[in-house]
>>> print(open('start-v4.pdb').read())   # PDB, C-alpha atoms
ATOM      1  CA  MET A 718       0.000   0.000   0.000
ATOM      2  CA  PRO A 719       1.401   3.461  -0.892
ATOM      3  CA  PRO A 720       2.312   5.598   2.103
ATOM      4  CA  SER A 721      -0.176   8.215   3.203
ATOM      5  CA  ARG A 722       0.822  11.801   2.610
ATOM      6  CA  PRO A 723       1.299  12.579   6.332
ATOM      7  CA  ARG A 724       3.607   9.559   6.643
ATOM      8  CA  LEU A 725       5.438  10.612   3.514
ATOM      9  CA  LEU A 726       5.927  14.140   4.829
ATOM     10  CA  ALA A 727       7.259  12.811   8.128
ATOM     11  CA  PHE A 728       9.817  10.783   6.211
ATOM     12  CA  VAL A 729      10.771  13.807   4.116
ATOM     13  CA  LEU A 730      11.396  15.865   7.234
ATOM     14  CA  ALA A 731      13.552  13.115   8.722
ATOM     15  CA  VAL A 732      15.564  12.973   5.508
ATOM     16  CA  VAL A 733      16.040  16.750   5.463
ATOM     17  CA  ALA A 734      17.246  16.759   9.063
ATOM     18  CA  THR A 735      19.676  13.922   8.369
ATOM     19  CA  LEU A 736      21.047  15.332   5.138
ATOM     20  CA  ALA A 737      21.758  18.673   6.711
ATOM     21  CA  THR A 738      24.805  17.039   8.289
ATOM     22  CA  LEU A 739      25.336  13.774   6.426
ATOM     23  CA  SER A 740      24.961  12.791   2.792
ATOM     24  CA  VAL A 741      22.620  12.379  -0.148
ATOM     25  CA  VAL A 742      21.822   9.419  -2.340
ATOM     26  CA  ILE A 743      20.097   9.547  -5.701
ATOM     27  CA  PRO A 744      19.047   6.630  -7.905
ATOM     28  CA  GLY A 745      21.963   5.308  -9.915
ATOM     29  CA  ALA A 746      24.568   7.428  -8.132
ATOM     30  CA  PRO A 747      27.087   6.652  -5.368
ATOM     31  CA  LEU A 748      26.906   8.066  -1.872
ATOM     32  CA  LEU A 749      27.532  11.811  -2.103
ATOM     33  CA  ARG A 750      28.991  13.912   0.693
ATOM     34  CA  LEU A 751      27.849  17.506   0.949
ATOM     35  CA  ALA A 752      31.431  18.687   1.414
ATOM     36  CA  ALA A 753      32.665  16.968  -1.743
ATOM     37  CA  ALA A 754      32.130  19.858  -4.164
ATOM     38  CA  LYS A 755      34.637  19.854  -7.017
ATOM     39  CA  GLU A 756      36.143  22.741  -8.936
ATOM     40  CA  HIS A 757      32.942  23.122 -10.979
ATOM     41  CA  THR A 758      31.001  24.191  -7.900
ATOM     42  CA  ALA A 759      33.670  25.083  -5.346
ATOM     43  CA  ALA A 760      32.501  28.714  -5.365
ATOM     44  CA  CYS A 761      28.817  27.796  -5.062
ATOM     45  CA  PRO A 762      27.728  28.422  -1.454
ATOM     46  CA  GLU A 763      24.142  27.466  -2.311
ATOM     47  CA  LEU A 764      25.137  23.907  -3.183
ATOM     48  CA  ALA A 765      24.668  22.286   0.236
ATOM     49  CA  ALA A 766      21.151  23.697   0.634
ATOM     50  CA  MET A 767      20.266  22.690  -2.930
ATOM     51  CA  ILE A 768      21.340  19.095  -2.291
ATOM     52  CA  VAL A 769      19.188  18.898   0.841
ATOM     53  CA  ARG A 770      16.266  20.362  -1.136
ATOM     54  CA  LEU A 771      16.889  17.876  -3.916
ATOM     55  CA  ARG A 772      16.738  14.870  -1.633
ATOM     56  CA  SER A 773      13.425  15.906  -0.122
ATOM     57  CA  SER A 774      12.150  16.549  -3.653
ATOM     58  CA  LEU A 775      13.146  13.056  -4.763
ATOM     59  CA  THR A 776      11.366  11.598  -1.749
ATOM     60  CA  ILE A 777       8.157  13.523  -2.452
ATOM     61  CA  ALA A 778       8.368  12.661  -6.156
ATOM     62  CA  GLY A 779       8.744   9.021  -5.145
ATOM     63  CA  GLY A 780       5.516   9.328  -3.157
ATOM     64  CA  GLN A 781       3.773  10.731  -6.229
ATOM     65  CA  ARG A 782       4.982   7.740  -8.229
ATOM     66  CA  GLN A 783       3.746   5.379  -5.556
ATOM     67  CA  ARG A 784       0.262   6.870  -5.843
ATOM     68  CA  GLY A 785       0.465   6.158  -9.574
ATOM     69  CA  SER A 786       1.201   9.633 -10.901
ATOM     70  CA  SER A 787       4.226  10.242 -13.105
ATOM     71  CA  LEU A 788       2.676  13.628 -13.825
ATOM     72  CA  GLY A 789       2.701  14.524 -10.134
ATOM     73  CA  ALA A 790       6.324  13.375  -9.844
ATOM     74  CA  TYR A 791       7.282  15.470 -12.857
ATOM     75  CA  GLN A 792       5.783  18.628 -11.356
ATOM     76  CA  VAL A 793       7.639  18.168  -8.054
ATOM     77  CA  LEU A 794      10.962  17.547  -9.796
ATOM     78  CA  ARG A 795      10.377  20.367 -12.250
ATOM     79  CA  SER A 796       9.742  22.862  -9.445
ATOM     80  CA  THR A 797      12.941  21.788  -7.685
ATOM     81  CA  LEU A 798      15.097  21.934 -10.814
ATOM     82  CA  ALA A 799      13.756  25.377 -11.696
ATOM     83  CA  SER A 800      14.604  26.649  -8.206
ATOM     84  CA  MET A 801      18.117  25.186  -8.480
ATOM     85  CA  VAL A 802      18.602  26.898 -11.851
ATOM     86  CA  ARG A 803      17.626  30.219 -10.263
ATOM     87  CA  ASP A 804      19.932  29.681  -7.288
ATOM     88  CA  SER A 805      22.883  28.750  -9.496
ATOM     89  CA  GLY A 806      22.550  31.809 -11.739
ATOM     90  CA  GLY A 807      25.731  33.314 -13.145
ATOM     91  CA  ASP A 808      28.893  31.272 -13.441
ATOM     92  CA  HIS A 809      29.825  30.708  -9.787
ATOM     93  CA  CYS A 810      28.138  27.278  -9.773
ATOM     94  CA  GLY A 811      29.879  26.108 -12.920
ATOM     95  CA  ALA A 812      27.936  23.802 -15.215
ATOM     96  CA  LEU A 813      25.244  23.072 -12.639
ATOM     97  CA  GLY A 814      22.687  25.566 -13.959
ATOM     98  CA  PRO A 815      23.175  24.819 -17.681
ATOM     99  CA  THR A 816      22.972  21.076 -17.030
ATOM    100  CA  LEU A 817      19.661  21.427 -15.216
ATOM    101  CA  THR A 818      18.331  23.856 -17.827
ATOM    102  CA  THR A 819      19.022  21.283 -20.538
ATOM    103  CA  ALA A 820      17.151  18.641 -18.533
ATOM    104  CA  LEU A 821      14.145  20.943 -18.137
ATOM    105  CA  LYS A 822      14.040  21.622 -21.877
ATOM    106  CA  ARG A 823      14.321  17.931 -22.757
ATOM    107  CA  ALA A 824      11.575  17.068 -20.267
ATOM    108  CA  ALA A 825       9.196  19.694 -21.669
ATOM    109  CA  THR A 826       9.410  18.108 -25.143
ATOM    110  CA  SER A 827       8.881  14.523 -23.939
ATOM    111  CA  ARG A 828       5.947  12.442 -25.137
ATOM    112  CA  THR A 829       4.827  11.264 -21.714
ATOM    113  CA  ALA A 830       5.097  12.267 -18.077
ATOM    114  CA  VAL A 831       7.072   9.072 -17.448
ATOM    115  CA  ASP A 832       9.668  10.136 -20.024
ATOM    116  CA  ALA A 833       9.687  13.707 -18.728
ATOM    117  CA  SER A 834      10.219  12.722 -15.095
ATOM    118  CA  VAL A 835      13.050  10.384 -16.085
ATOM    119  CA  GLU A 836      14.702  13.223 -18.037
ATOM    120  CA  LEU A 837      14.642  15.280 -14.850
ATOM    121  CA  ASP A 838      16.029  12.345 -12.839
ATOM    122  CA  LEU A 839      18.931  12.094 -15.289
ATOM    123  CA  GLY A 840      19.508  15.845 -15.203
ATOM    124  CA  LEU A 841      19.718  15.816 -11.426
ATOM    125  CA  GLU A 842      22.090  12.852 -11.489
ATOM    126  CA  SER A 843      24.337  14.626 -13.996
ATOM    127  CA  ALA A 844      24.348  17.908 -12.072
ATOM    128  CA  LEU A 845      25.225  16.223  -8.788
ATOM    129  CA  ALA A 846      27.944  14.134 -10.429
ATOM    130  CA  LEU A 847      29.483  17.342 -11.770
ATOM    131  CA  ALA A 848      29.237  18.961  -8.344
ATOM    132  CA  THR A 849      30.699  16.089  -6.354
ATOM    133  CA  ASP A 850      32.837  14.045  -8.777
ATOM    134  CA  GLY A 851      33.868  16.720 -11.252
ATOM    135  CA  HIS A 852      32.538  14.873 -14.291
ATOM    136  CA  MET A 853      29.326  13.601 -15.844
ATOM    137  CA  PRO A 854      28.112  10.188 -14.601
ATOM    138  CA  TYR A 855      29.202   7.070 -16.430
ATOM    139  CA  ARG A 856      26.288   5.170 -17.952
ATOM    140  CA  ASN A 857      26.618   1.744 -19.525
ATOM    141  CA  ALA A 858      22.922   1.195 -20.216
ATOM    142  CA  PRO A 859      19.805   3.221 -20.987
ATOM    143  CA  PRO A 860      17.898   4.494 -17.952
ATOM    144  CA  LYS A 861      15.367   2.123 -16.489
ATOM    145  CA  MET A 862      11.860   3.452 -17.023
ATOM    146  CA  PRO A 863       9.739   3.260 -13.861
ATOM    147  CA  ALA A 864       6.570   1.183 -14.100
ATOM    148  CA  VAL A 865       4.319   4.062 -13.105
ATOM    149  CA  ALA A 866       1.066   5.233 -14.661
ATOM    150  CA  GLU A 867       0.885   8.611 -16.362
ATOM    151  CA  ALA A 868      -1.642   9.981 -13.901
ATOM    152  CA  ALA A 869      -3.771   8.840 -10.991
ATOM    153  CA  ILE A 870      -6.804  10.965 -11.911
ATOM    154  CA  TYR A 871      -6.727  12.299 -15.470
ATOM    155  CA  GLY A 872      -5.028   9.542 -17.445
ATOM    156  CA  LEU A 873      -8.192   7.629 -18.424
ATOM    157  CA  ASP A 874      -8.553   7.483 -22.235
ATOM    158  CA  CYS A 875      -6.053  10.316 -22.543
ATOM    159  CA  PRO A 876      -2.990   9.064 -24.445
ATOM    160  CA  ASP A 877      -1.477  12.532 -24.867
ATOM    161  CA  LEU A 878      -2.123  13.883 -21.368
ATOM    162  CA  PHE A 879       1.393  15.196 -20.792
ATOM    163  CA  PRO A 880       1.593  17.239 -24.029
ATOM    164  CA  LEU A 881      -1.845  18.623 -23.177
ATOM    165  CA  THR A 882      -0.601  19.845 -19.795
ATOM    166  CA  VAL A 883       2.353  21.532 -21.507
ATOM    167  CA  ARG A 884      -0.082  23.324 -23.822
ATOM    168  CA  LEU A 885      -1.872  24.722 -20.776
ATOM    169  CA  GLU A 886       1.284  26.409 -19.480
ATOM    170  CA  GLY A 887       1.969  30.070 -20.101
ATOM    171  CA  PRO A 888       1.083  33.605 -18.964
ATOM    172  CA  ARG A 889      -2.048  33.924 -16.854
ATOM    173  CA  PRO A 890      -3.797  36.531 -19.074
ATOM    174  CA  GLN A 891      -3.811  34.154 -22.060
ATOM    175  CA  LEU A 892      -5.107  31.183 -20.068
ATOM    176  CA  PRO A 893      -8.730  31.358 -21.380
ATOM    177  CA  GLN A 894      -7.475  31.279 -24.967
ATOM    178  CA  ARG A 895      -5.251  28.270 -24.273
ATOM    179  CA  VAL A 896      -8.114  26.424 -22.612
ATOM    180  CA  SER A 897     -10.495  27.230 -25.490
ATOM    181  CA  ALA A 898      -8.004  25.925 -28.041
ATOM    182  CA  LEU A 899      -7.478  22.749 -26.048
ATOM    183  CA  LEU A 900     -11.207  22.133 -25.627
ATOM    184  CA  ALA A 901     -11.719  22.620 -29.373
ATOM    185  CA  ASP A 902      -9.100  19.929 -29.959
ATOM    186  CA  LEU A 903     -10.763  17.555 -27.492
ATOM    187  CA  VAL A 904     -14.135  18.088 -29.185
ATOM    188  CA  SER A 905     -12.776  17.521 -32.696
ATOM    189  CA  ARG A 906     -10.842  14.418 -31.616
ATOM    190  CA  PRO A 907     -12.796  13.047 -28.616
ATOM    191  CA  ARG A 908     -10.562  11.807 -25.785
ATOM    192  CA  CYS A 909      -9.533  12.725 -22.235
ATOM    193  CA  PRO A 910     -13.097  12.880 -20.820
ATOM    194  CA  ARG A 911     -12.026  13.874 -17.317
ATOM    195  CA  VAL A 912      -9.810  16.675 -18.564
ATOM    196  CA  ARG A 913     -12.590  17.975 -20.774
ATOM    197  CA  ARG A 914     -15.181  17.774 -17.988
ATOM    198  CA  VAL A 915     -13.020  19.745 -15.541
ATOM    199  CA  LEU A 916     -12.240  22.498 -18.038
ATOM    200  CA  GLU A 917     -15.792  22.812 -19.374
ATOM    201  CA  SER A 918     -17.315  23.093 -15.898
ATOM    202  CA  ALA A 919     -14.834  25.635 -14.517
ATOM    203  CA  ARG A 920     -16.138  29.112 -13.748
ATOM    204  CA  PRO A 921     -13.962  31.952 -15.070
ATOM    205  CA  ASP A 922     -12.692  32.739 -11.566
ATOM    206  CA  ARG A 923     -11.827  29.059 -11.030
ATOM    207  CA  LEU A 924     -10.241  28.378 -14.403
ATOM    208  CA  ALA A 925      -6.645  28.660 -13.164
ATOM    209  CA  HIS A 926      -7.459  26.279 -10.305
ATOM    210  CA  ALA A 927      -8.979  23.772 -12.729
ATOM    211  CA  VAL A 928      -5.948  23.953 -15.014
ATOM    212  CA  ASP A 929      -3.591  23.434 -12.083
ATOM    213  CA  SER A 930      -5.676  20.441 -10.974
ATOM    214  CA  ILE A 931      -4.951  18.792 -14.319
ATOM    215  CA  ARG A 932      -1.290  19.802 -14.443
ATOM    216  CA  LEU A 933      -0.672  18.565 -10.873
ATOM    217  CA  ASP A 934      -2.935  15.503 -11.227
ATOM    218  CA  GLU A 935      -4.930  16.571  -8.167
ATOM    219  CA  PRO A 936      -8.711  16.535  -7.537
ATOM    220  CA  ASN A 937     -10.401  19.681  -8.762
ATOM    221  CA  GLU A 938     -12.671  19.732  -5.717
ATOM    222  CA  ALA A 939     -10.724  19.410  -2.488
ATOM    223  CA  THR A 940     -11.764  16.717  -0.038
ATOM    224  CA  PRO A 941     -11.694  17.348   3.733
ATOM    225  CA  ALA A 942      -8.412  15.422   3.875
ATOM    226  CA  ASP A 943      -6.887  17.626   1.154
ATOM    227  CA  GLN A 944      -7.830  20.732   3.129
ATOM    228  CA  LEU A 945      -5.613  19.541   5.999
ATOM    229  CA  ASP A 946      -2.746  18.186   3.903
ATOM    230  CA  VAL A 947       0.297  20.381   3.246
ATOM    231  CA  LEU A 948       1.385  18.075   0.407
ATOM    232  CA  SER A 949      -1.838  18.717  -1.499
ATOM    233  CA  ARG A 950      -1.267  20.758  -4.694
ATOM    234  CA  CYS A 951       2.184  21.762  -3.456
ATOM    235  CA  PRO A 952       5.084  20.740  -5.720
ATOM    236  CA  GLU A 953       7.081  23.610  -4.189
ATOM    237  CA  LEU A 954       7.007  21.991  -0.738
ATOM    238  CA  PRO A 955      10.735  21.016  -0.716
ATOM    239  CA  LEU A 956      11.692  24.685  -1.119
ATOM    240  CA  VAL A 957       9.036  25.760   1.409
ATOM    241  CA  LEU A 958      10.485  23.411   4.027
ATOM    242  CA  GLU A 959      13.985  24.666   3.322
ATOM    243  CA  ARG A 960      12.957  28.323   3.705
ATOM    244  CA  ILE A 961      11.111  27.611   6.963
ATOM    245  CA  ALA A 962      14.145  25.830   8.397
ATOM    246  CA  ALA A 963      16.402  28.740   7.373
ATOM    247  CA  ALA A 964      14.072  31.251   9.045
ATOM    248  CA  ILE A 965      14.021  29.256  12.278
ATOM    249  CA  ASP A 966      17.825  28.980  12.216
ATOM    250  CA  VAL A 967      17.968  32.789  12.280
ATOM    251  CA  GLY A 968      14.913  33.610  14.370
ATOM    252  CA  ALA A 969      15.327  31.136  17.234
ATOM    253  CA  PRO A 970      18.741  32.511  18.329
ATOM    254  CA  GLN A 971      17.352  36.041  18.071
ATOM    255  CA  PHE A 972      14.456  35.135  20.370
ATOM    256  CA  ASN A 973      16.647  33.193  22.790
ATOM    257  CA  GLY A 974      19.061  36.133  22.857
ATOM    258  CA  GLY A 975      16.291  38.420  24.079
ATOM    259  CA  ASP A 976      15.421  40.163  20.805
ATOM    260  CA  ALA A 977      11.832  39.027  20.241
ATOM    261  CA  ALA A 978      11.194  41.936  17.858
ATOM    262  CA  ALA A 979      13.979  40.813  15.517
ATOM    263  CA  CYS A 980      12.686  37.245  15.632
ATOM    264  CA  ARG A 981       9.206  38.475  14.797
ATOM    265  CA  ARG A 982      10.535  40.404  11.790
ATOM    266  CA  THR A 983      12.483  37.377  10.588
ATOM    267  CA  TYR A 984       9.458  35.107  10.785
ATOM    268  CA  GLU A 985       7.060  37.656   9.266
ATOM    269  CA  SER A 986       9.415  38.250   6.351
ATOM    270  CA  ALA A 987       9.830  34.521   5.717
ATOM    271  CA  ALA A 988       6.082  33.852   5.786
ATOM    272  CA  ARG A 989       5.356  36.690   3.376
ATOM    273  CA  ILE A 990       8.188  35.837   0.978
ATOM    274  CA  ILE A 991       7.266  32.150   0.857
ATOM    275  CA  SER A 992       3.617  32.996   0.178
ATOM    276  CA  ALA A 993       4.392  35.640  -2.458
ATOM    277  CA  ASP A 994       7.534  34.401  -4.209
ATOM    278  CA  VAL A 995       8.189  30.723  -3.465
ATOM    279  CA  ILE A 996       4.732  29.200  -3.877
ATOM    280  CA  GLY A 997       3.244  29.261  -7.354
ATOM    281  CA  GLU A 998      -0.072  30.954  -7.960
ATOM    282  CA  SER A 999      -2.974  28.758  -6.756
ATOM    283  CA  ARG A1000      -0.500  26.302  -5.221
ATOM    284  CA  CYS A1001      -0.014  25.002  -1.653
ATOM    285  CA  PRO A1002      -3.377  26.142  -0.219
ATOM    286  CA  VAL A1003      -2.772  24.664   3.231
ATOM    287  CA  VAL A1004       0.626  26.345   3.511
ATOM    288  CA  ARG A1005      -0.936  29.651   2.458
ATOM    289  CA  SER A1006      -3.826  29.418   4.908
ATOM    290  CA  THR A1007      -1.540  28.330   7.743
ATOM    291  CA  PHE A1008       0.799  31.267   7.193
ATOM    292  CA  ALA A1009      -2.148  33.659   6.856
ATOM    293  CA  THR A1010      -3.428  32.466  10.215
ATOM    294  CA  GLY A1011      -0.006  32.951  11.784
ATOM    295  CA  LEU A1012       0.364  36.449  10.355
ATOM    296  CA  ALA A1013      -3.116  37.452  11.532
ATOM    297  CA  ARG A1014      -2.468  36.172  15.048
ATOM    298  CA  ALA A1015       0.885  37.966  15.086
ATOM    299  CA  ALA A1016      -0.760  41.214  14.024
ATOM    300  CA  SER A1017      -3.174  41.067  16.961
ATOM    301  CA  ALA A1018      -0.630  39.822  19.510
ATOM    302  CA  ALA A1019      -0.015  41.835  22.659
ATOM    303  CA  SER A1020       3.775  41.656  22.361
ATOM    304  CA  ASP A1021       6.565  40.826  19.942
ATOM    305  CA  GLY A1022       7.167  37.612  21.862
ATOM    306  CA  GLU A1023       3.587  36.453  21.417
ATOM    307  CA  ALA A1024       3.721  37.438  17.752
ATOM    308  CA  ALA A1025       6.938  35.489  17.207
ATOM    309  CA  TRP A1026       5.391  32.411  18.806
ATOM    310  CA  ALA A1027       2.245  32.713  16.684
ATOM    311  CA  LEU A1028       4.380  32.679  13.563
ATOM    312  CA  ARG A1029       6.578  29.882  14.872
ATOM    313  CA  HIS A1030       3.479  27.769  15.516
ATOM    314  CA  SER A1031       2.461  28.231  11.878
ATOM    315  CA  PHE A1032       5.921  27.114  10.747
ATOM    316  CA  ASP A1033       5.794  24.085  13.032
ATOM    317  CA  ALA A1034       2.350  23.203  11.700
ATOM    318  CA  VAL A1035       3.683  23.059   8.128
ATOM    319  CA  LEU A1036       6.774  21.146   9.220
ATOM    320  CA  GLY A1037       4.509  18.709  11.044
ATOM    321  CA  GLY A1038       2.217  18.292   8.070
ATOM    322  CA  ARG A1039      -0.922  19.772   9.609
ATOM    323  CA  ASP A1040      -3.158  22.824   9.403
ATOM    324  CA  SER A1041      -2.831  25.392  12.200
ATOM    325  CA  ARG A1042      -6.089  27.275  11.644
ATOM    326  CA  ALA A1043      -7.639  25.661  14.695
ATOM    327  CA  PRO A1044      -6.605  27.229  18.033
TER
END
>>> encode(input="start-v4.pdb", output="structure tokens")
Amino acid sequence: MPPSRPRLLAFVLAVVATLATLSVVIPGAPLLRLAAAKEHTAACPELAAMIVRLRSSLTIAGGQRQRGSSLGAYQVLRSTLASMVRDSGGDHCGALGPTLTTALKRAATSRTAVDASVELDLGLESALALATDGHMPYRNAPPKMPAVAEAAIYGLDCPDLFPLTVRLEGPRPQLPQRVSALLADLVSRPRCPRVRRVLESARPDRLAHAVDSIRLDEPNEATPADQLDVLSRCPELPLVLERIAAAIDVGAPQFNGGDAAACRRTYESAARIISADVIGESRCPVVRSTFATGLARAASAASDGEAAWALRHSFDAVLGGRDSRAP
């Protein structure tokens, strides 16, 4: 039986805590030490954090595969690779950024989500081999394709689901036109009944949510369990967890040193930045609502100390995989 999302998140958090001081393993690669950066990435201070983020991403992507969704795995890996490309901008991280950019481009032109997710796996393996061994990995055989379905929800009678999700990507203002063109295609060549039903029934103000449901292979209508699940609709969760941990690393010593106001500012800034810049639009609803609750409680707190604790409780709720809206 596939692990439940709360169990999966607990495992992810354990992995993140362990990797912060130990090592990282990826499929098909040897044990990698965080301190083993070669000349390609010796001047890349972001590397250690990126490797920790990567391992949690691989774990969450593995959970998506276990639920039968290569599409879900692809979106998690894609979000992580894109964040690593941003963090390795310029030339101080050597070939890391260009290697990952190539993997993202190859994945976007794949025929299936299985192929696309494997392209991202290979890109991550290559980037980490460059970072730790100083050369590309040696491969004597083609990559083994995982025996995972395209999607857990939208794959029924939809042989070209992954290319359809790629067609839905793009600037928000042009989303209605992209959806209309896709629906016209599905009408002229009938297929993908669940995709068509979700798009045809979406109100204009819910169209982006419906599109993201298909792209993330998530239910369009949230169940009560989804409303309490930080993993739901949240491919950016590995980066969210990393940013929370970084904020606590700064804020906790400030609070313990007697500067509750500085701690409050650190936590408020982290919550706002994660909500505005880290999480994609319409993504991670439980993380958003949990942070909103923490910020509201901080705003009405009687002291900086109480405000800092209100925000810390919201961070701990996300780290623990639960919603903090209840008192």
>>> closest_residue(input="start-v4.pdb", among="A:Leu954, A:Ile991, A:Ala977, A:Val883", to="Ile931 (chain A)", atoms="all atoms listed in the file")
A:Val883
>>> residues_near_point(input="start-v4.pdb", point="(-3.1, 17.0, -4.5)", cutoff="10 Å", atoms="only C-alpha atoms", output="list in words")
Arg722, Gln781, Gly789, Asp929, Ser930, Leu933, Asp934, Glu935, Pro936, Asn937, Ala939, Thr940, Asp943, Gln944, Asp946, Val947, Leu948, Ser949, Arg950, Cys951, Pro952, Arg1000 and Cys1001 of chain A
>>> residues_around(input="start-v4.pdb", residues="Glu959 (chain A)", least_positions_apart="4", cutoff="9 Å", atoms="all atoms listed in the file", output="MDAnalysis selection string")
chainID A and resid 733 766 769:770 954:955 963:964
>>> atom_distance(input="start-v4.pdb", atom1="CA of Val802 (chain A)", atom2="CA of Ser774 (chain A)")
14.7 Å
>>> residues_around(input="start-v4.pdb", residues="Ala869 (chain A)", least_positions_apart="3", cutoff="9 Å", atoms="all atoms listed in the file", output="PDB file with C-alpha atoms, keeping the file's coordinate frame")
ATOM      1  CA  ARG A 784       0.262   6.870  -5.843  1.00  0.00           C
ATOM      2  CA  GLY A 785       0.465   6.158  -9.574  1.00  0.00           C
ATOM      3  CA  SER A 786       1.201   9.633 -10.901  1.00  0.00           C
ATOM      4  CA  SER A 787       4.226  10.242 -13.105  1.00  0.00           C
ATOM      5  CA  LEU A 788       2.676  13.628 -13.825  1.00  0.00           C
ATOM      6  CA  GLY A 789       2.701  14.524 -10.134  1.00  0.00           C
ATOM      7  CA  ALA A 866       1.066   5.233 -14.661  1.00  0.00           C
ATOM      8  CA  GLY A 872      -5.028   9.542 -17.445  1.00  0.00           C
ATOM      9  CA  LEU A 873      -8.192   7.629 -18.424  1.00  0.00           C
ATOM     10  CA  ASP A 934      -2.935  15.503 -11.227  1.00  0.00           C
ATOM     11  CA  GLU A 935      -4.930  16.571  -8.167  1.00  0.00           C
TER      12      GLU A 935
END
>>> closest_residue(input="start-v4.pdb", among="A:Gly780, A:Gly1038, A:Gly814, A:Pro880", to="Leu764 (chain A)", atoms="only C-alpha atoms")
A:Gly814
>>> resolve_selection(input="start-v4.pdb", expression="the PyMOL selection byres ((chain A and resi 838) around 9)", output="JSON, numbers by chain")
{"A": [743, 744, 775, 794, 820, 833, 834, 835, 836, 837, 839, 840, 841, 842, 843]}
>>> decode(input="start-v4.pdb", residues="region 772-793 of chain A", atoms="C-alpha atoms", output="compact mmCIF listing (two decimals), in the first residue's frame")
# COMPACT_ATOMS: atom_id res chain seq x y z
CA ARG A 772 16.74 14.87 -1.63
CA SER A 773 13.43 15.91 -0.12
CA SER A 774 12.15 16.55 -3.65
CA LEU A 775 13.15 13.06 -4.76
CA THR A 776 11.37 11.60 -1.75
CA ILE A 777 8.16 13.52 -2.45
CA ALA A 778 8.37 12.66 -6.16
CA GLY A 779 8.74 9.02 -5.14
CA GLY A 780 5.52 9.33 -3.16
CA GLN A 781 3.77 10.73 -6.23
CA ARG A 782 4.98 7.74 -8.23
CA GLN A 783 3.75 5.38 -5.56
CA ARG A 784 0.26 6.87 -5.84
CA GLY A 785 0.47 6.16 -9.57
CA SER A 786 1.20 9.63 -10.90
CA SER A 787 4.23 10.24 -13.11
CA LEU A 788 2.68 13.63 -13.82
CA GLY A 789 2.70 14.52 -10.13
CA ALA A 790 6.32 13.37 -9.84
CA TYR A 791 7.28 15.47 -12.86
CA GLN A 792 5.78 18.63 -11.36
CA VAL A 793 7.64 18.17 -8.05
